Each structure stands twice: as structure tokens, then as C-alpha cells.
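**Student:** One structure coming up, written as C-alpha cells, with questions to follow.
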Amino acid sequence: MKKFKVFSGVILLSSLLLTMTACSGGGDAEKTEKKENVAQSSKVEMSVENGSYIIPDGKKVDDETGFLALDIKVKNKSKDKLDVSSNDFSLYDEEGKKVSSEHVYDSNDNFKTMSSESLSEDKSFTEPLVFEVKKDAKYELHYKPMYYSEDEKDDGIELELNTKKYSDDTKAVQALVGQYITSVFYGSDEVKEEDKKAAGKLELANDLETERKTFKEESINNLKDDFSRYDPSTAELEKVITQLQQTNAEKGKVTYSFKEFFPETAVIYVRPEMVFLDDVDTKSITDKFVEENKGKYTDYTSVRRDAEKYLLQELPGKINEAPINTDDNMNGEGYQVKLEKKDDKWEINSANESRNYYFKSLKAAFRGGLND
């Protein structure tokens, strides 16, 4: 992370002294249709209880294809024990091509695909299977258990599926992250219309007002730490931070991509291109101060103090002229932001804790490189 310094280069202030030489300055699609119907034989009943699109870790998706997680319920109607395995299920497209299920799990080990179960009479279980499918197509889900004798065999059962009917909340959750950035990091209530529309009925669980206030206070304190001789007021520091937020809202660029997305958890890469204070032309400010104050000082302490004060006063006017940039230490895809679904709302993990270091670096990027 770039570190802003009040005097990033060697600033020659000695010309201001008379008697001494200065040193250099420091969405809402239907999820099922009557449970996508129910298929049964004399021995087993199968239904799709729910379904939604996910993104397994390391996989890429687009608007045409995705990974559909189907919550499949199987009930044993026979008097004998029924052994059920993920290998008993097959998905076929309209051309009869078989689609194999994917072995998927999330980084928190909360989402697991179906493995195997043994069911006694009238018992059932529901577990997910994941298939890579076209998002607007019809498929057939086949279930044919493996039996150990000819007497046990039956013809199996099948269900028709329309993948268009299942929800894909990835864009909605991405829009929620955009809303968080606008509110907390930019300090603005003007959420983009496209983010409002994309988020639909989904909401953030975070207390945005509190987090916005905390972020700004932290930014002000971090900026204050960079002034060693001049003691700036909160109002002076806030003016700089507010200008930085406004400039980044206008000039900055943020791109998103999912590392993984599941029904209850998600990890999204956020890649900000922002104005970093280290890239602001502070040299021109100090050069102007030197030019205007040659020969006016007799001690270095006063020179440095007044130079820092002058820099702070002029800094807001230079921020908008600075280019946007990325943090040199950032991963190419961006910083990982973790989300978890709680009471039907999505919460961004913004906790100030050591293991949440990606989010800490993200905050520093949005405050111009100012570290905690």
C-alpha cells in the first residue's frame, strides 16, 4: 500500500532561513414450479425442493451459462433400506447429452454437494447437486439407483427442468457491494440507479451510517498522523478527506468479479482505481511556499510548521488533478470482500480484525493510501 507523506521528496527549505541551514524534510425469478414437479416409482419419490445459480471457487460464468445448484429430495417408499448416491443422478440436455454433476464446496465448508445416504422406510433427505447448464434451456433430471439384484431393479424416474426459472443473485449481490462503497467509502447517499435496479429486493445488513462515520473518522486520524510539526484542526483534515471522497466518486473506477458465490456466502474481488495522495503534486505546493517566503524565517521548526500548514490548506485543490491508480501490492483481481447472508440480508464482513486484512487494505485504497 502506498504511504502518503507530507513531504514525499527532499524539500529544500534552507532558502527561507536567515541564520541557519535546513535539513531535508521528512432478483426475483421463480425458484421452483410446484417443486419442479414430483416424480416417483413404487420404491422412491424424488423432487427438486429449491434451486439457484452459484459460482464455485475458480470457475468463470457468463450470461449464457452457469452452475445450477439443485436441492434434491429423495424419499424411500419401500420397506427395504435405500442407498442413495450422487452417482445415481444424471442430467440430460435437449439433445440427449449427459451433464455430469460437479463436486463443489465453499471456502468456509458450509456448502457441500450430495455424497451418499442410507434411507430406511418412509425416510427422506435433501441435499444439493450442482450442474453446469445453459441458463435458458430445458433438461431432464434422471434418478436411477444402483441395485444389487435383478429383483430390486426398477426403471428409475425423471423430472423435467427449465433452468430459466431459477434465481441468479450474483449481479444483485455485486450491486449491494457497490451501494456499500458509495455510502461508506464515498460518503454519499446518491446510490447509482443501476445498482438500485440490479439489487432488486436484496438488502445490506450493515449499519451504513455508523460505518460511514467510522470510516471518515479513521481517515481523518490517519491523515493527521502524517503531520509532525503542524497540529491541524479536524475541520482542515476533513476538508481534504471530503475532497478525496468526492474526487474518487467522480473519477475513480471499481471493477468486480466473484471468487465464489453460494446461497448463504460469497467472496467477491473488488478492484479499485483511485486517487492516491502519494500521487498528488505536493511538490508544486511546497515550491510555491518556498518562493513566497524566502528569507522570512530564522528557525527550521517554524519553517516546517508553516510549510505543513500551507500544504494542508492547498491539498484539496490539487487532489482533483491527480491521476487514478491502483495499489502496487494489490492482487491483480482485487481485494477479497466476504459476505454472509443473515436473516435474508447480505452482510459485508467489515470487521476490524487481523484476519480480515484484505478489507483493511481495501479501506486504505479508498482513503488515498492512508494506512491505519
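Chains: A, B, ... in order of the C-alpha cells. Residues: from 1 per chain. Ligands: from 1, in order shown.
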Restrict the calculation to only C-alpha atoms, then for each residue of segment 211-297 of chain A with any atom at most 12 Å from an atom of segment 157-171 of chain A give the closest atom pair and their distance in Å to one decimal, rows by chain and rising residue number, as a Markdown table.
**Tutor:**
```
| residue | atom | partner | partner_atom | distance |
| --- | --- | --- | --- | --- |
| A:Tyr256 | CA | A:Lys171 | CA | 10.0 |
| A:Ser257 | CA | A:Thr170 | CA | 9.8 |
| A:Phe258 | CA | A:Thr170 | CA | 8.3 |
| A:Lys259 | CA | A:Thr170 | CA | 11.3 |
| A:Glu260 | CA | A:Thr170 | CA | 9.7 |
| A:Phe261 | CA | A:Thr170 | CA | 7.1 |
| A:Phe262 | CA | A:Thr170 | CA | 9.1 |
| A:Pro263 | CA | A:Asp169 | CA | 8.7 |
| A:Glu264 | CA | A:Asp169 | CA | 11.0 |
| A:Thr265 | CA | A:Thr170 | CA | 11.1 |
| A:Ala266 | CA | A:Thr170 | CA | 9.0 |
| A:Val267 | CA | A:Thr170 | CA | 10.7 |
| A:Ile268 | CA | A:Thr170 | CA | 9.7 |
```
**Student:** Please save N, CA and C atoms of the selected residues as a PDB file, in the first residue's frame.
**Tutor:**
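Contents of the output file out_14.pdb:
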```pdb
ATOM      1  N   TYR A 256     -15.508  -5.548 -10.510  1.00  0.00           N
ATOM      2  CA  TYR A 256     -15.853  -6.649  -9.622  1.00  0.00           C
ATOM      3  C   TYR A 256     -15.765  -7.991 -10.372  1.00  0.00           C
ATOM      4  N   SER A 257     -15.422  -9.011  -9.629  1.00  0.00           N
ATOM      5  CA  SER A 257     -15.501 -10.388 -10.145  1.00  0.00           C
ATOM      6  C   SER A 257     -15.620 -11.319  -8.943  1.00  0.00           C
ATOM      7  N   PHE A 258     -16.383 -12.382  -9.097  1.00  0.00           N
ATOM      8  CA  PHE A 258     -16.604 -13.286  -7.971  1.00  0.00           C
ATOM      9  C   PHE A 258     -15.518 -14.349  -7.880  1.00  0.00           C
ATOM     10  N   LYS A 259     -15.011 -14.509  -6.676  1.00  0.00           N
ATOM     11  CA  LYS A 259     -14.147 -15.657  -6.383  1.00  0.00           C
ATOM     12  C   LYS A 259     -15.020 -16.880  -6.182  1.00  0.00           C
ATOM     13  N   GLU A 260     -16.129 -16.691  -5.448  1.00  0.00           N
ATOM     14  CA  GLU A 260     -17.108 -17.752  -5.252  1.00  0.00           C
ATOM     15  C   GLU A 260     -18.434 -17.134  -4.820  1.00  0.00           C
ATOM     16  N   PHE A 261     -19.513 -17.829  -5.137  1.00  0.00           N
ATOM     17  CA  PHE A 261     -20.848 -17.363  -4.749  1.00  0.00           C
ATOM     18  C   PHE A 261     -21.718 -18.565  -4.450  1.00  0.00           C
ATOM     19  N   PHE A 262     -22.299 -18.553  -3.233  1.00  0.00           N
ATOM     20  CA  PHE A 262     -23.159 -19.643  -2.795  1.00  0.00           C
ATOM     21  C   PHE A 262     -24.444 -19.066  -2.186  1.00  0.00           C
ATOM     22  N   PRO A 263     -25.434 -19.894  -1.924  1.00  0.00           N
ATOM     23  CA  PRO A 263     -26.712 -19.361  -1.422  1.00  0.00           C
ATOM     24  C   PRO A 263     -26.596 -18.548  -0.134  1.00  0.00           C
ATOM     25  N   GLU A 264     -25.627 -18.866   0.712  1.00  0.00           N
ATOM     26  CA  GLU A 264     -25.516 -18.188   2.008  1.00  0.00           C
ATOM     27  C   GLU A 264     -24.224 -17.400   2.191  1.00  0.00           C
ATOM     28  N   THR A 265     -23.248 -17.581   1.334  1.00  0.00           N
ATOM     29  CA  THR A 265     -21.965 -16.886   1.463  1.00  0.00           C
ATOM     30  C   THR A 265     -21.439 -16.506   0.084  1.00  0.00           C
ATOM     31  N   ALA A 266     -20.540 -15.536   0.078  1.00  0.00           N
ATOM     32  CA  ALA A 266     -19.917 -15.115  -1.183  1.00  0.00           C
ATOM     33  C   ALA A 266     -18.582 -14.444  -0.887  1.00  0.00           C
ATOM     34  N   VAL A 267     -17.679 -14.536  -1.856  1.00  0.00           N
ATOM     35  CA  VAL A 267     -16.421 -13.790  -1.821  1.00  0.00           C
ATOM     36  C   VAL A 267     -16.276 -13.108  -3.169  1.00  0.00           C
ATOM     37  N   ILE A 268     -16.180 -11.783  -3.161  1.00  0.00           N
ATOM     38  CA  ILE A 268     -16.096 -11.019  -4.394  1.00  0.00           C
ATOM     39  C   ILE A 268     -14.800 -10.218  -4.415  1.00  0.00           C
TER      40      ILE A 268
END
```
**Student:** Give me, as number ranges by chain, all polymer residues having an atom no more than 9 Å from Tyr92 of chain A, counting only C-alpha atoms and skipping those fewer than 4 positions away in the same chain.
**Tutor:** A: 96-100, 138-142
**Student:** Write out as a PyMOL selection string which residues come within 12 Å of segment 37-42 of chain A when counting only C-alpha atoms, dropping same-chain ones fewer than 3 positions away.
**Tutor:** chain A and resi 32-34+45-50+72-80+140-145+152-162
**Student:** So which residues touch Tyr230 of chain A within 8 Å, counting only C-alpha atoms, skipping near sequence neighbours fewer than 3 positions away, as a PDB file with N, CA and C atoms, in the first residue's frame?
**Tutor:**
```
ATOM      1  N   PHE A 227       1.323  14.586   9.807  1.00  0.00           N
ATOM      2  CA  PHE A 227       1.800  15.941  10.076  1.00  0.00           C
ATOM      3  C   PHE A 227       2.532  15.943  11.418  1.00  0.00           C
ATOM      4  N   ARG A 304       9.077  24.485   8.968  1.00  0.00           N
ATOM      5  CA  ARG A 304       8.410  23.197   8.740  1.00  0.00           C
ATOM      6  C   ARG A 304       6.938  23.257   9.144  1.00  0.00           C
ATOM      7  N   ARG A 305       6.672  23.890  10.289  1.00  0.00           N
ATOM      8  CA  ARG A 305       5.293  24.007  10.760  1.00  0.00           C
ATOM      9  C   ARG A 305       4.426  24.755   9.752  1.00  0.00           C
ATOM     10  N   ASP A 306       4.894  25.888   9.302  1.00  0.00           N
ATOM     11  CA  ASP A 306       4.093  26.696   8.385  1.00  0.00           C
ATOM     12  C   ASP A 306       4.004  26.066   6.998  1.00  0.00           C
ATOM     13  N   GLU A 308       3.908  22.793   6.447  1.00  0.00           N
ATOM     14  CA  GLU A 308       2.898  21.749   6.571  1.00  0.00           C
ATOM     15  C   GLU A 308       1.489  22.351   6.565  1.00  0.00           C
ATOM     16  N   LYS A 309       1.316  23.458   7.251  1.00  0.00           N
ATOM     17  CA  LYS A 309       0.020  24.127   7.274  1.00  0.00           C
ATOM     18  C   LYS A 309      -0.384  24.572   5.873  1.00  0.00           C
TER      19      LYS A 309
END
```
**Student:** For each of A:Phe89, A:Tyr53, A:Glu353, A:Trp346, take the minimum atom-to-atom distance to Tyr180 of chain A, counting only C-alpha atoms, then give the residue where this is smallest.
**Tutor:**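 Closest to Tyr180 of chain A, using only C-alpha atoms: A:Trp346.
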**Student:** One decimal, in Å: what's the spacing between atom CA of Tyr358 of chain A and atom CA of Thr247 of chain A?
**Tutor:**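 Here the two named atoms are 23.2 Å from each other.
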**Student:** Quick check for you: according to DSSP on this backbone, which residues of segment 62-104 of chain A are classed as strand (DSSP E or B)? Reply as a PyMOL selection string.
**Tutor:** chain A and resi 65-76+82-85+89-92+98-99+101-102
**Student:** When distances are computed from only C-alpha atoms, which of A:Glu218, A:Asp71, A:Asp57, A:Asp106 shows the smallest separation from Asp372 of chain A?
**Tutor:** A:Glu218
**Student:** Select, from A:Glu117, A:Glu209, A:Tyr310, A:Leu129, the residue with the minimum atom-to-atom distance to Tyr105 of chain A, counting only C-alpha atoms.
**Tutor:**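 Selected residue with least distance to Tyr105 of chain A: A:Leu129.
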**Student:** Expressed in Å to a single decimal, how great is the separation between atom CA of Lys345 of chain A and atom CA of Leu204 of chain A?
**Tutor:**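 Atom-to-atom, atom CA of Lys345 of chain A and atom CA of Leu204 of chain A are spaced 5.5 Å apart.
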**Student:** For Arg271 of chain A, which residue among A:Lys283, A:Lys192, A:Lys294, A:Lys363 is the nearest when counting only C-alpha atoms?
**Tutor:**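 Among the listed residues, the smallest separation from Arg271 of chain A belongs to A:Lys363.
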